[in-house]
>>> print(open('run-v4.cif').read())   # mmCIF, C-alpha atoms
data_data
#
loop_
_atom_site.group_PDB
_atom_site.id
_atom_site.type_symbol
_atom_site.label_atom_id
_atom_site.label_comp_id
_atom_site.auth_asym_id
_atom_site.auth_seq_id
_atom_site.Cartn_x
_atom_site.Cartn_y
_atom_site.Cartn_z
ATOM 1 C CA MET A 639 8.631 -63.018 -9.781
ATOM 2 C CA THR A 640 7.543 -61.499 -13.052
ATOM 3 C CA GLY A 641 4.311 -63.420 -12.997
ATOM 4 C CA VAL A 642 3.452 -62.143 -9.559
ATOM 5 C CA THR A 643 4.086 -58.551 -10.648
ATOM 6 C CA VAL A 644 1.917 -58.874 -13.700
ATOM 7 C CA GLY A 645 -0.787 -60.550 -11.704
ATOM 8 C CA ALA A 646 -0.757 -57.767 -9.141
ATOM 9 C CA GLY A 647 -0.925 -55.143 -11.906
ATOM 10 C CA GLY A 648 -3.817 -56.951 -13.499
ATOM 11 C CA ALA A 649 -5.617 -57.118 -10.164
ATOM 12 C CA VAL A 650 -5.173 -53.378 -9.706
ATOM 13 C CA ALA A 651 -6.424 -52.671 -13.216
ATOM 14 C CA ALA A 652 -9.402 -54.891 -12.616
ATOM 15 C CA ALA A 653 -10.139 -53.180 -9.336
ATOM 16 C CA THR A 654 -10.054 -49.729 -10.917
ATOM 17 C CA SER A 655 -12.393 -50.811 -13.688
ATOM 18 C CA LEU A 656 -15.070 -51.982 -11.262
ATOM 19 C CA PRO A 657 -18.262 -49.908 -11.134
ATOM 20 C CA PRO A 658 -18.385 -47.315 -8.328
ATOM 21 C CA THR A 659 -19.650 -48.609 -5.032
ATOM 22 C CA PRO A 660 -22.311 -46.748 -2.981
ATOM 23 C CA GLN A 661 -19.614 -45.679 -0.531
ATOM 24 C CA ARG A 662 -17.536 -44.064 -3.293
ATOM 25 C CA SER A 663 -20.563 -42.328 -4.749
ATOM 26 C CA SER A 664 -21.506 -40.908 -1.358
ATOM 27 C CA ARG A 665 -17.962 -39.624 -0.817
ATOM 28 C CA ARG A 666 -17.997 -37.941 -4.213
ATOM 29 C CA ARG A 667 -21.351 -36.317 -3.484
ATOM 30 C CA ALA A 668 -20.032 -35.121 -0.121
ATOM 31 C CA ARG A 669 -16.952 -33.588 -1.764
ATOM 32 C CA LEU A 670 -19.157 -31.948 -4.397
ATOM 33 C CA ARG A 671 -21.455 -30.478 -1.745
ATOM 34 C CA GLU A 672 -18.439 -29.203 0.183
ATOM 35 C CA SER A 673 -17.040 -27.565 -2.951
ATOM 36 C CA LEU A 674 -20.392 -25.955 -3.769
ATOM 37 C CA VAL A 675 -20.666 -24.566 -0.257
ATOM 38 C CA GLY A 676 -17.188 -23.072 -0.540
ATOM 39 C CA TYR A 677 -17.955 -21.557 -3.952
ATOM 40 C CA SER A 678 -21.213 -20.109 -2.628
ATOM 41 C CA PHE A 679 -19.310 -18.260 0.110
ATOM 42 C CA VAL A 680 -16.708 -16.975 -2.348
ATOM 43 C CA ALA A 681 -19.137 -16.051 -5.138
ATOM 44 C CA PRO A 682 -20.431 -12.715 -3.672
ATOM 45 C CA ASN A 683 -16.890 -11.453 -3.183
ATOM 46 C CA VAL A 684 -15.885 -12.554 -6.678
ATOM 47 C CA VAL A 685 -18.906 -10.789 -8.179
ATOM 48 C CA LEU A 686 -18.221 -7.572 -6.281
ATOM 49 C CA LEU A 687 -14.532 -7.743 -7.178
ATOM 50 C CA GLY A 688 -15.372 -8.217 -10.828
ATOM 51 C CA VAL A 689 -17.990 -5.451 -10.996
ATOM 52 C CA PHE A 690 -16.207 -2.769 -8.966
ATOM 53 C CA LEU A 691 -12.531 -3.560 -9.643
ATOM 54 C CA LEU A 692 -11.807 -5.803 -12.623
ATOM 55 C CA TYR A 693 -14.417 -4.319 -14.967
ATOM 56 C CA PRO A 694 -13.395 -0.666 -14.323
ATOM 57 C CA LEU A 695 -9.743 -1.701 -14.640
ATOM 58 C CA VAL A 696 -10.319 -3.303 -18.046
ATOM 59 C CA LEU A 697 -12.440 -0.314 -19.086
ATOM 60 C CA ALA A 698 -9.667 2.106 -18.082
ATOM 61 C CA GLY A 699 -7.129 0.026 -19.986
ATOM 62 C CA VAL A 700 -9.251 0.193 -23.149
ATOM 63 C CA LEU A 701 -9.911 3.912 -22.608
ATOM 64 C CA SER A 702 -6.165 4.601 -22.378
ATOM 65 C CA PHE A 703 -5.859 3.768 -26.097
ATOM 66 C CA THR A 704 -8.463 6.337 -27.096
ATOM 67 C CA ARG A 705 -8.966 10.086 -27.266
ATOM 68 C CA TYR A 706 -12.093 10.759 -25.217
ATOM 69 C CA SER A 707 -13.503 13.873 -23.586
ATOM 70 C CA GLY A 708 -16.407 12.229 -21.784
ATOM 71 C CA PHE A 709 -18.882 13.148 -24.522
ATOM 72 C CA GLY A 710 -19.592 11.323 -27.731
ATOM 73 C CA ALA A 711 -17.773 8.228 -28.912
ATOM 74 C CA PRO A 712 -14.079 7.689 -28.093
ATOM 75 C CA ASP A 713 -11.562 7.750 -30.951
ATOM 76 C CA PHE A 714 -9.061 4.909 -31.018
ATOM 77 C CA ILE A 715 -5.497 6.281 -31.288
ATOM 78 C CA GLY A 716 -3.450 3.235 -30.270
ATOM 79 C CA ILE A 717 -0.459 4.087 -28.096
ATOM 80 C CA GLY A 718 -0.789 7.796 -28.823
ATOM 81 C CA ASN A 719 -1.505 8.699 -25.197
ATOM 82 C CA TYR A 720 1.505 6.740 -23.971
ATOM 83 C CA ALA A 721 3.706 8.384 -26.605
ATOM 84 C CA ASP A 722 2.521 11.798 -25.430
ATOM 85 C CA LEU A 723 3.491 10.919 -21.860
ATOM 86 C CA LEU A 724 7.131 10.595 -22.895
ATOM 87 C CA SER A 725 7.255 14.269 -23.907
ATOM 88 C CA ASP A 726 5.010 15.596 -21.144
ATOM 89 C CA ALA A 727 7.123 17.606 -18.685
ATOM 90 C CA VAL A 728 4.306 17.783 -16.124
ATOM 91 C CA PHE A 729 3.966 14.001 -16.165
ATOM 92 C CA TRP A 730 7.667 13.543 -15.428
ATOM 93 C CA GLN A 731 7.463 16.204 -12.723
ATOM 94 C CA SER A 732 4.496 14.446 -11.116
ATOM 95 C CA LEU A 733 6.333 11.107 -11.330
ATOM 96 C CA PHE A 734 9.360 12.652 -9.633
ATOM 97 C CA ASN A 735 7.149 14.244 -6.959
ATOM 98 C CA THR A 736 5.390 10.932 -6.329
ATOM 99 C CA THR A 737 8.717 9.128 -5.965
ATOM 100 C CA VAL A 738 10.086 11.718 -3.521
ATOM 101 C CA PHE A 739 6.844 11.749 -1.557
ATOM 102 C CA THR A 740 6.678 7.933 -1.405
ATOM 103 C CA THR A 741 10.297 7.564 -0.293
ATOM 104 C CA ALA A 742 10.056 10.246 2.399
ATOM 105 C CA THR A 743 6.741 9.078 3.834
ATOM 106 C CA LEU A 744 7.825 5.425 3.727
ATOM 107 C CA VAL A 745 11.030 6.063 5.667
ATOM 108 C CA GLY A 746 9.397 8.512 8.066
ATOM 109 C CA SER A 747 6.191 6.652 8.914
ATOM 110 C CA VAL A 748 7.653 3.124 8.996
ATOM 111 C CA GLY A 749 10.730 4.179 10.988
ATOM 112 C CA LEU A 750 8.699 6.234 13.439
ATOM 113 C CA GLY A 751 6.088 3.495 13.753
ATOM 114 C CA LEU A 752 8.800 0.945 14.580
ATOM 115 C CA ALA A 753 10.400 3.215 17.175
ATOM 116 C CA ILE A 754 7.082 3.934 18.893
ATOM 117 C CA ALA A 755 6.087 0.258 18.787
ATOM 118 C CA VAL A 756 9.328 -0.804 20.475
ATOM 119 C CA LEU A 757 8.821 1.874 23.123
ATOM 120 C CA LEU A 758 5.154 1.113 23.792
ATOM 121 C CA ASN A 759 5.745 -2.644 23.832
ATOM 122 C CA LYS A 760 7.266 -2.210 27.279
ATOM 123 C CA ALA A 761 5.368 -1.878 30.533
ATOM 124 C CA LEU A 762 4.966 1.895 30.785
ATOM 125 C CA PRO A 763 2.414 3.966 32.706
ATOM 126 C CA GLY A 764 -0.360 5.171 30.405
ATOM 127 C CA ARG A 765 0.717 2.823 27.625
ATOM 128 C CA ALA A 766 -2.838 2.231 26.389
ATOM 129 C CA LEU A 767 -3.501 5.982 26.228
ATOM 130 C CA PHE A 768 -0.345 6.633 24.232
ATOM 131 C CA ARG A 769 -1.233 3.851 21.793
ATOM 132 C CA THR A 770 -4.668 5.383 21.286
ATOM 133 C CA VAL A 771 -3.246 8.857 20.726
ATOM 134 C CA VAL A 772 -0.740 7.615 18.147
ATOM 135 C CA TYR A 773 -3.349 5.561 16.302
ATOM 136 C CA ALA A 774 -6.080 8.250 16.382
ATOM 137 C CA PRO A 775 -4.989 10.006 13.133
ATOM 138 C CA MET A 776 -5.671 6.785 11.219
ATOM 139 C CA VAL A 777 -9.422 7.199 11.749
ATOM 140 C CA VAL A 778 -9.346 10.723 10.313
ATOM 141 C CA SER A 779 -10.256 10.901 6.625
ATOM 142 C CA GLY A 780 -7.872 12.302 4.061
ATOM 143 C CA VAL A 781 -10.046 15.379 3.522
ATOM 144 C CA ALA A 782 -10.164 16.084 7.255
ATOM 145 C CA SER A 783 -6.392 15.595 7.460
ATOM 146 C CA GLY A 784 -5.988 18.091 4.643
ATOM 147 C CA LEU A 785 -8.138 20.637 6.474
ATOM 148 C CA ILE A 786 -6.084 20.117 9.632
ATOM 149 C CA GLY A 787 -2.992 20.669 7.520
ATOM 150 C CA VAL A 788 -4.413 23.947 6.214
ATOM 151 C CA LEU A 789 -4.958 25.113 9.792
ATOM 152 C CA MET A 790 -1.378 24.188 10.617
ATOM 153 C CA PHE A 791 0.521 25.318 7.522
ATOM 154 C CA ASP A 792 -1.405 28.256 6.081
ATOM 155 C CA GLU A 793 0.965 31.201 5.513
ATOM 156 C CA ASN A 794 -1.452 33.814 6.828
ATOM 157 C CA THR A 795 -3.445 32.067 9.544
ATOM 158 C CA GLY A 796 -1.525 28.826 10.174
ATOM 159 C CA VAL A 797 -0.578 27.839 13.701
ATOM 160 C CA ILE A 798 3.052 27.107 12.807
ATOM 161 C CA ASP A 799 3.794 30.433 11.138
ATOM 162 C CA LYS A 800 2.028 32.341 13.886
ATOM 163 C CA ALA A 801 4.156 30.549 16.483
ATOM 164 C CA LEU A 802 7.332 31.296 14.547
ATOM 165 C CA ILE A 803 6.460 34.981 14.258
ATOM 166 C CA ALA A 804 5.586 35.115 17.961
ATOM 167 C CA VAL A 805 9.105 34.020 18.918
ATOM 168 C CA GLY A 806 10.758 36.369 16.427
ATOM 169 C CA LEU A 807 11.491 33.871 13.645
ATOM 170 C CA PRO A 808 10.560 34.326 9.975
ATOM 171 C CA ALA A 809 7.444 32.606 8.684
ATOM 172 C CA ILE A 810 7.799 29.642 6.340
ATOM 173 C CA PRO A 811 6.076 30.081 2.933
ATOM 174 C CA PHE A 812 4.238 26.764 2.897
ATOM 175 C CA GLN A 813 1.902 27.831 0.072
ATOM 176 C CA SER A 814 4.306 29.783 -2.162
ATOM 177 C CA ASN A 815 7.484 27.694 -1.867
ATOM 178 C CA GLY A 816 7.501 24.280 -3.568
ATOM 179 C CA GLY A 817 9.921 22.620 -1.152
ATOM 180 C CA ALA A 818 8.055 23.861 1.914
ATOM 181 C CA ALA A 819 4.731 22.741 0.433
ATOM 182 C CA MET A 820 6.110 19.232 -0.185
ATOM 183 C CA ILE A 821 7.415 19.085 3.382
ATOM 184 C CA ALA A 822 3.960 20.016 4.676
ATOM 185 C CA VAL A 823 2.337 17.224 2.652
ATOM 186 C CA ILE A 824 4.951 14.708 3.828
ATOM 187 C CA LEU A 825 4.573 15.688 7.491
ATOM 188 C CA MET A 826 0.784 15.347 7.383
ATOM 189 C CA THR A 827 1.071 11.943 5.712
ATOM 190 C CA VAL A 828 3.615 10.688 8.244
ATOM 191 C CA TRP A 829 1.331 11.929 11.033
ATOM 192 C CA GLY A 830 -1.566 9.974 9.561
ATOM 193 C CA ARG A 831 0.270 6.725 8.742
ATOM 194 C CA THR A 832 2.483 6.222 11.805
ATOM 195 C CA GLY A 833 -0.333 4.771 13.919
ATOM 196 C CA PHE A 834 -1.095 2.012 11.421
ATOM 197 C CA ASN A 835 2.576 1.045 11.199
ATOM 198 C CA MET A 836 2.858 1.046 14.985
ATOM 199 C CA VAL A 837 -0.054 -1.379 15.366
ATOM 200 C CA ILE A 838 1.393 -3.834 12.826
ATOM 201 C CA TYR A 839 4.812 -3.708 14.480
ATOM 202 C CA LEU A 840 3.263 -4.155 17.926
ATOM 203 C CA ALA A 841 1.575 -7.349 16.713
ATOM 204 C CA GLY A 842 4.928 -8.561 15.377
ATOM 205 C CA LEU A 843 6.775 -7.685 18.587
ATOM 206 C CA GLN A 844 4.312 -9.581 20.744
ATOM 207 C CA GLY A 845 4.983 -12.709 18.702
ATOM 208 C CA ILE A 846 8.704 -12.718 19.574
ATOM 209 C CA GLY A 847 9.556 -14.972 22.508
ATOM 210 C CA GLN A 848 11.076 -13.253 25.526
ATOM 211 C CA GLU A 849 13.453 -16.166 26.025
ATOM 212 C CA LEU A 850 15.450 -14.940 23.037
ATOM 213 C CA TYR A 851 16.071 -11.595 24.709
ATOM 214 C CA GLU A 852 16.894 -13.264 28.023
ATOM 215 C CA ALA A 853 19.449 -15.554 26.379
ATOM 216 C CA ALA A 854 21.025 -12.623 24.513
ATOM 217 C CA GLU A 855 21.162 -10.582 27.711
ATOM 218 C CA LEU A 856 22.908 -13.433 29.500
ATOM 219 C CA GLU A 857 25.478 -13.448 26.717
ATOM 220 C CA GLY A 858 26.149 -9.773 27.385
ATOM 221 C CA ALA A 859 24.370 -8.295 24.343
ATOM 222 C CA SER A 860 23.502 -4.617 24.620
ATOM 223 C CA ALA A 861 20.043 -3.191 23.924
ATOM 224 C CA TRP A 862 21.102 -2.124 20.430
ATOM 225 C CA GLN A 863 22.619 -5.550 19.688
ATOM 226 C CA ARG A 864 19.422 -7.269 20.830
ATOM 227 C CA PHE A 865 17.369 -4.996 18.567
ATOM 228 C CA ARG A 866 19.698 -5.472 15.590
ATOM 229 C CA SER A 867 20.110 -9.248 15.912
ATOM 230 C CA ILE A 868 16.718 -10.317 17.259
ATOM 231 C CA THR A 869 13.980 -7.717 16.962
ATOM 232 C CA PHE A 870 14.589 -6.324 13.497
ATOM 233 C CA PRO A 871 15.184 -9.669 11.694
ATOM 234 C CA LEU A 872 12.128 -11.295 13.280
ATOM 235 C CA LEU A 873 10.002 -8.309 12.246
ATOM 236 C CA GLY A 874 10.836 -9.038 8.600
ATOM 237 C CA PRO A 875 7.305 -10.204 7.634
ATOM 238 C CA SER A 876 5.766 -7.125 9.277
ATOM 239 C CA THR A 877 8.228 -4.850 7.486
ATOM 240 C CA PHE A 878 7.516 -6.539 4.150
ATOM 241 C CA PHE A 879 3.767 -6.060 4.617
ATOM 242 C CA LEU A 880 4.183 -2.416 5.614
ATOM 243 C CA LEU A 881 6.464 -1.667 2.677
ATOM 244 C CA ILE A 882 3.837 -2.910 0.239
ATOM 245 C CA MET A 883 0.912 -1.187 1.966
ATOM 246 C CA ASN A 884 2.651 2.163 2.443
ATOM 247 C CA VAL A 885 3.990 2.324 -1.105
ATOM 248 C CA ILE A 886 0.535 1.542 -2.511
ATOM 249 C CA TYR A 887 -1.016 4.201 -0.267
ATOM 250 C CA SER A 888 1.600 6.812 -1.187
ATOM 251 C CA PHE A 889 1.232 6.186 -4.914
ATOM 252 C CA GLN A 890 -2.546 6.524 -4.575
ATOM 253 C CA VAL A 891 -2.570 9.620 -2.351
ATOM 254 C CA PHE A 892 -5.048 12.186 -3.605
ATOM 255 C CA ASP A 893 -7.443 13.749 -1.103
ATOM 256 C CA LEU A 894 -4.770 15.054 1.290
ATOM 257 C CA VAL A 895 -2.764 16.706 -1.499
ATOM 258 C CA PHE A 896 -5.877 18.007 -3.238
ATOM 259 C CA VAL A 897 -7.154 19.748 -0.103
ATOM 260 C CA LEU A 898 -3.822 20.896 1.332
ATOM 261 C CA THR A 899 -2.003 22.229 -1.731
ATOM 262 C CA GLY A 900 -4.072 21.416 -4.812
ATOM 263 C CA GLY A 901 -0.825 20.273 -6.434
ATOM 264 C CA GLY A 902 0.796 23.699 -6.138
ATOM 265 C CA PRO A 903 2.558 25.973 -6.020
ATOM 266 C CA GLY A 904 2.953 25.447 -9.732
ATOM 267 C CA ASN A 905 3.324 21.688 -10.005
ATOM 268 C CA ALA A 906 5.623 21.313 -6.998
ATOM 269 C CA THR A 907 3.272 18.894 -5.196
ATOM 270 C CA THR A 908 1.429 17.460 -8.199
ATOM 271 C CA MET A 909 1.267 13.675 -7.883
ATOM 272 C CA LEU A 910 0.350 11.151 -10.562
ATOM 273 C CA THR A 911 -3.124 10.839 -9.070
ATOM 274 C CA THR A 912 -3.796 14.582 -8.978
ATOM 275 C CA TYR A 913 -2.427 14.982 -12.497
ATOM 276 C CA ALA A 914 -4.703 12.209 -13.725
ATOM 277 C CA TYR A 915 -7.648 13.908 -11.998
ATOM 278 C CA GLN A 916 -6.748 17.230 -13.615
ATOM 279 C CA ASN A 917 -6.677 15.662 -17.069
ATOM 280 C CA ALA A 918 -9.878 13.702 -16.530
ATOM 281 C CA PHE A 919 -12.113 16.406 -15.055
ATOM 282 C CA THR A 920 -10.478 19.771 -15.844
ATOM 283 C CA THR A 921 -9.051 19.443 -19.351
ATOM 284 C CA ARG A 922 -11.467 16.560 -20.144
ATOM 285 C CA ALA A 923 -8.718 14.366 -21.632
ATOM 286 C CA GLN A 924 -10.025 11.182 -20.082
ATOM 287 C CA GLY A 925 -8.126 8.832 -22.360
ATOM 288 C CA TYR A 926 -4.885 10.548 -21.378
ATOM 289 C CA ALA A 927 -5.871 10.339 -17.703
ATOM 290 C CA ALA A 928 -6.539 6.622 -18.113
ATOM 291 C CA ALA A 929 -3.046 6.189 -19.579
ATOM 292 C CA ILE A 930 -1.574 7.888 -16.505
ATOM 293 C CA GLY A 931 -3.595 5.525 -14.339
ATOM 294 C CA MET A 932 -2.264 2.510 -16.235
ATOM 295 C CA VAL A 933 1.311 3.708 -15.741
ATOM 296 C CA LEU A 934 0.599 4.111 -12.039
ATOM 297 C CA LEU A 935 -0.824 0.585 -11.880
ATOM 298 C CA VAL A 936 2.225 -0.891 -13.625
ATOM 299 C CA LEU A 937 4.592 0.908 -11.256
ATOM 300 C CA MET A 938 2.780 -0.407 -8.179
ATOM 301 C CA LEU A 939 2.622 -3.952 -9.530
ATOM 302 C CA ALA A 940 6.314 -3.847 -10.424
ATOM 303 C CA PHE A 941 7.270 -2.686 -6.933
ATOM 304 C CA ALA A 942 5.090 -5.341 -5.301
ATOM 305 C CA ALA A 943 6.569 -8.052 -7.545
ATOM 306 C CA VAL A 944 10.142 -7.000 -6.749
ATOM 307 C CA GLN A 945 9.459 -6.902 -3.013
ATOM 308 C CA TRP A 946 7.723 -10.286 -3.137
ATOM 309 C CA ARG A 947 10.613 -11.856 -5.007
ATOM 310 C CA VAL A 948 13.251 -10.370 -2.690
ATOM 311 C CA ASN A 949 11.338 -11.455 0.407
ATOM 312 C CA ARG A 950 10.748 -14.971 -0.937
ATOM 313 C CA GLY A 951 14.399 -15.363 -1.870
ATOM 314 C CA ARG A 952 15.478 -14.246 1.582
ATOM 315 C CA ASP A 953 13.143 -16.740 3.259
ATOM 316 C CA VAL A 954 14.436 -19.586 1.090
ATOM 317 C CA THR A 955 18.056 -18.638 1.796
ATOM 318 C CA GLU A 956 17.469 -18.566 5.516
#
>>> encode(input="run-v4.cif", output="structure tokens")
Amino acid sequence: MTGVTVGAGGAVAAATSLPPTPQRSSRRRARLRESLVGYSFVAPNVVLLGVFLLYPLVLAGVLSFTRYSGFGAPDFIGIGNYADLLSDAVFWQSLFNTTVFTTATLVGSVGLGLAIAVLLNKALPGRALFRTVVYAPMVVSGVASGLIGVLMFDENTGVIDKALIAVGLPAIPFQSNGGAAMIAVILMTVWGRTGFNMVIYLAGLQGIGQELYEAAELEGASAWQRFRSITFPLLGPSTFFLLIMNVIYSFQVFDLVFVLTGGGPGNATTMLTTYAYQNAFTTRAQGYAAAIGMVLLVLMLAFAAVQWRVNRGRDVTE
């Protein structure tokens, strides 16, 4: 028995040591050509990604360790900018504002998008028109949304305050009160993001089999029970995607806040992005602005990593 085993092993070793046949060589050339074709399709995207994303990111990371005004040569100061952030009250205020803004817009836009998607997933008259109306704000730029917000929330000429005064109610100081200004920014963001969330949830809803609802209905499940036990769990991947996308968008919001409030009154609506812009182009502390940008990047990556891990663990458990 041992002799047969050794003989077989020797035959295999001999076979593997044989020179390549023409058939093997042709297969290798075919695989090489296939790989080169794939790399040729990927190469333009990799080059663009490297030039317009990775290179500026590395440059910003290096700049965050320097004191630089945009003129002359930067001075290396190590972690000096990051140390200054710890004692910067405006930085902590902007971080708090960004967190409040992100939480409020995430809950508002995702929740409203889910509710509208569930409603418009049914056979209703004018359903296509309603979907278009809800999605329309997504095609409006952030600057245009900010200008629309000014028309709506301006204390002197805004539509909302004029309507309140017309019915005998006091006007709301959207420009001079920090809480009211933050509410205005949140409302405009929810208005702009709900359509995107609705579309993603509609795609998820249309992938759920109707037989599940029919079986649950036969078992006597109410509409709320069907939503809680079938719809919401099966929309988990859509919810995970929207959480990541909306948090990234909210942490990067700039144009809407810049046009609508400019970060005021005071620093009541100053976000990390607007504070970084102020340092980079107003006070000309570009190294400090780069440090703020690095903190913002770390926060977004940390949130995405936590969400990815939680979602992966849930999938494995199920």
>>> closest_residue(input="run-v4.cif", among="A:Asn835, A:Thr899, A:Gln924, A:Ser860", to="A:Thr704", atoms="only C-alpha atoms")
A:Gln924
>>> closest_residue(input="run-v4.cif", among="A:Val675, A:Val781, A:Gly842, A:Ala928", to="A:Phe870", atoms="only C-alpha atoms")
A:Gly842
>>> resolve_selection(input="run-v4.cif", expression="the PyMOL selection byres ((chain A and resi 716) around 10)", output="mmCIF file with C-alpha atoms, in the coordinates of the input")
data_model
loop_
_atom_site.group_PDB
_atom_site.id
_atom_site.type_symbol
_atom_site.label_atom_id
_atom_site.label_comp_id
_atom_site.auth_asym_id
_atom_site.auth_seq_id
_atom_site.Cartn_x
_atom_site.Cartn_y
_atom_site.Cartn_z
ATOM 1 C CA VAL A 700 -9.251 0.193 -23.149
ATOM 2 C CA SER A 702 -6.165 4.601 -22.378
ATOM 3 C CA PHE A 703 -5.859 3.768 -26.097
ATOM 4 C CA THR A 704 -8.463 6.337 -27.096
ATOM 5 C CA ARG A 705 -8.966 10.086 -27.266
ATOM 6 C CA ASP A 713 -11.562 7.750 -30.951
ATOM 7 C CA PHE A 714 -9.061 4.909 -31.018
ATOM 8 C CA ILE A 715 -5.497 6.281 -31.288
ATOM 9 C CA ILE A 717 -0.459 4.087 -28.096
ATOM 10 C CA GLY A 718 -0.789 7.796 -28.823
ATOM 11 C CA ASN A 719 -1.505 8.699 -25.197
ATOM 12 C CA TYR A 720 1.505 6.740 -23.971
ATOM 13 C CA ALA A 721 3.706 8.384 -26.605
#
>>> closest_residue(input="run-v4.cif", among="A:Ala753, A:Leu881, A:Val948, A:Met826", to="A:Gly780", atoms="only C-alpha atoms")
A:Met826
>>> atom_distance(input="run-v4.cif", atom1="atom CA of A:Arg922", atom2="atom CA of A:Gly708")
6.8 Å
>>> atom_distance(input="run-v4.cif", atom1="atom CA of A:Phe896", atom2="atom CA of A:Thr737")
17.3 Å
>>> atom_distance(input="run-v4.cif", atom1="atom CA of A:Thr907", atom2="atom CA of A:Asp726")
16.4 Å
>>> residues_around(input="run-v4.cif", residues="A:Leu894", least_positions_apart="5", cutoff="12 Å", atoms="all atoms listed in the file", output="PyMOL selection string")
chain A and resi 778-788+820+822-830+887-888+899-901+907-909+911-912
>>> resolve_selection(input="run-v4.cif", expression="the PyMOL selection byres ((chain A and resi 831-834) around 12)", output="VMD selection string")
chain A and resid 743 to 755 758 768 to 780 783 824 to 830 835 to 841 876 879 to 880 883 to 885 887 to 888 891
>>> residues_around(input="run-v4.cif", residues="A:Tyr913", least_positions_apart="4", cutoff="12 Å", atoms="all atoms listed in the file", output="tab-separated table (two decimals) with C-alpha atoms, in the frame of the given file")
chain	number	residue	atom	x	y	z
A	723	LEU	CA	3.49	10.92	-21.86
A	726	ASP	CA	5.01	15.60	-21.14
A	727	ALA	CA	7.12	17.61	-18.68
A	728	VAL	CA	4.31	17.78	-16.12
A	729	PHE	CA	3.97	14.00	-16.16
A	730	TRP	CA	7.67	13.54	-15.43
A	731	GLN	CA	7.46	16.20	-12.72
A	732	SER	CA	4.50	14.45	-11.12
A	733	LEU	CA	6.33	11.11	-11.33
A	735	ASN	CA	7.15	14.24	-6.96
A	736	THR	CA	5.39	10.93	-6.33
A	890	GLN	CA	-2.55	6.52	-4.58
A	891	VAL	CA	-2.57	9.62	-2.35
A	892	PHE	CA	-5.05	12.19	-3.60
A	895	VAL	CA	-2.76	16.71	-1.50
A	896	PHE	CA	-5.88	18.01	-3.24
A	900	GLY	CA	-4.07	21.42	-4.81
A	901	GLY	CA	-0.82	20.27	-6.43
A	902	GLY	CA	0.80	23.70	-6.14
A	905	ASN	CA	3.32	21.69	-10.01
A	906	ALA	CA	5.62	21.31	-7.00
A	907	THR	CA	3.27	18.89	-5.20
A	908	THR	CA	1.43	17.46	-8.20
A	909	MET	CA	1.27	13.68	-7.88
A	917	ASN	CA	-6.68	15.66	-17.07
A	918	ALA	CA	-9.88	13.70	-16.53
A	919	PHE	CA	-12.11	16.41	-15.06
A	920	THR	CA	-10.48	19.77	-15.84
A	921	THR	CA	-9.05	19.44	-19.35
A	922	ARG	CA	-11.47	16.56	-20.14
A	923	ALA	CA	-8.72	14.37	-21.63
A	924	GLN	CA	-10.02	11.18	-20.08
A	926	TYR	CA	-4.88	10.55	-21.38
A	927	ALA	CA	-5.87	10.34	-17.70
A	928	ALA	CA	-6.54	6.62	-18.11
A	929	ALA	CA	-3.05	6.19	-19.58
A	930	ILE	CA	-1.57	7.89	-16.50
A	931	GLY	CA	-3.60	5.52	-14.34
A	934	LEU	CA	0.60	4.11	-12.04
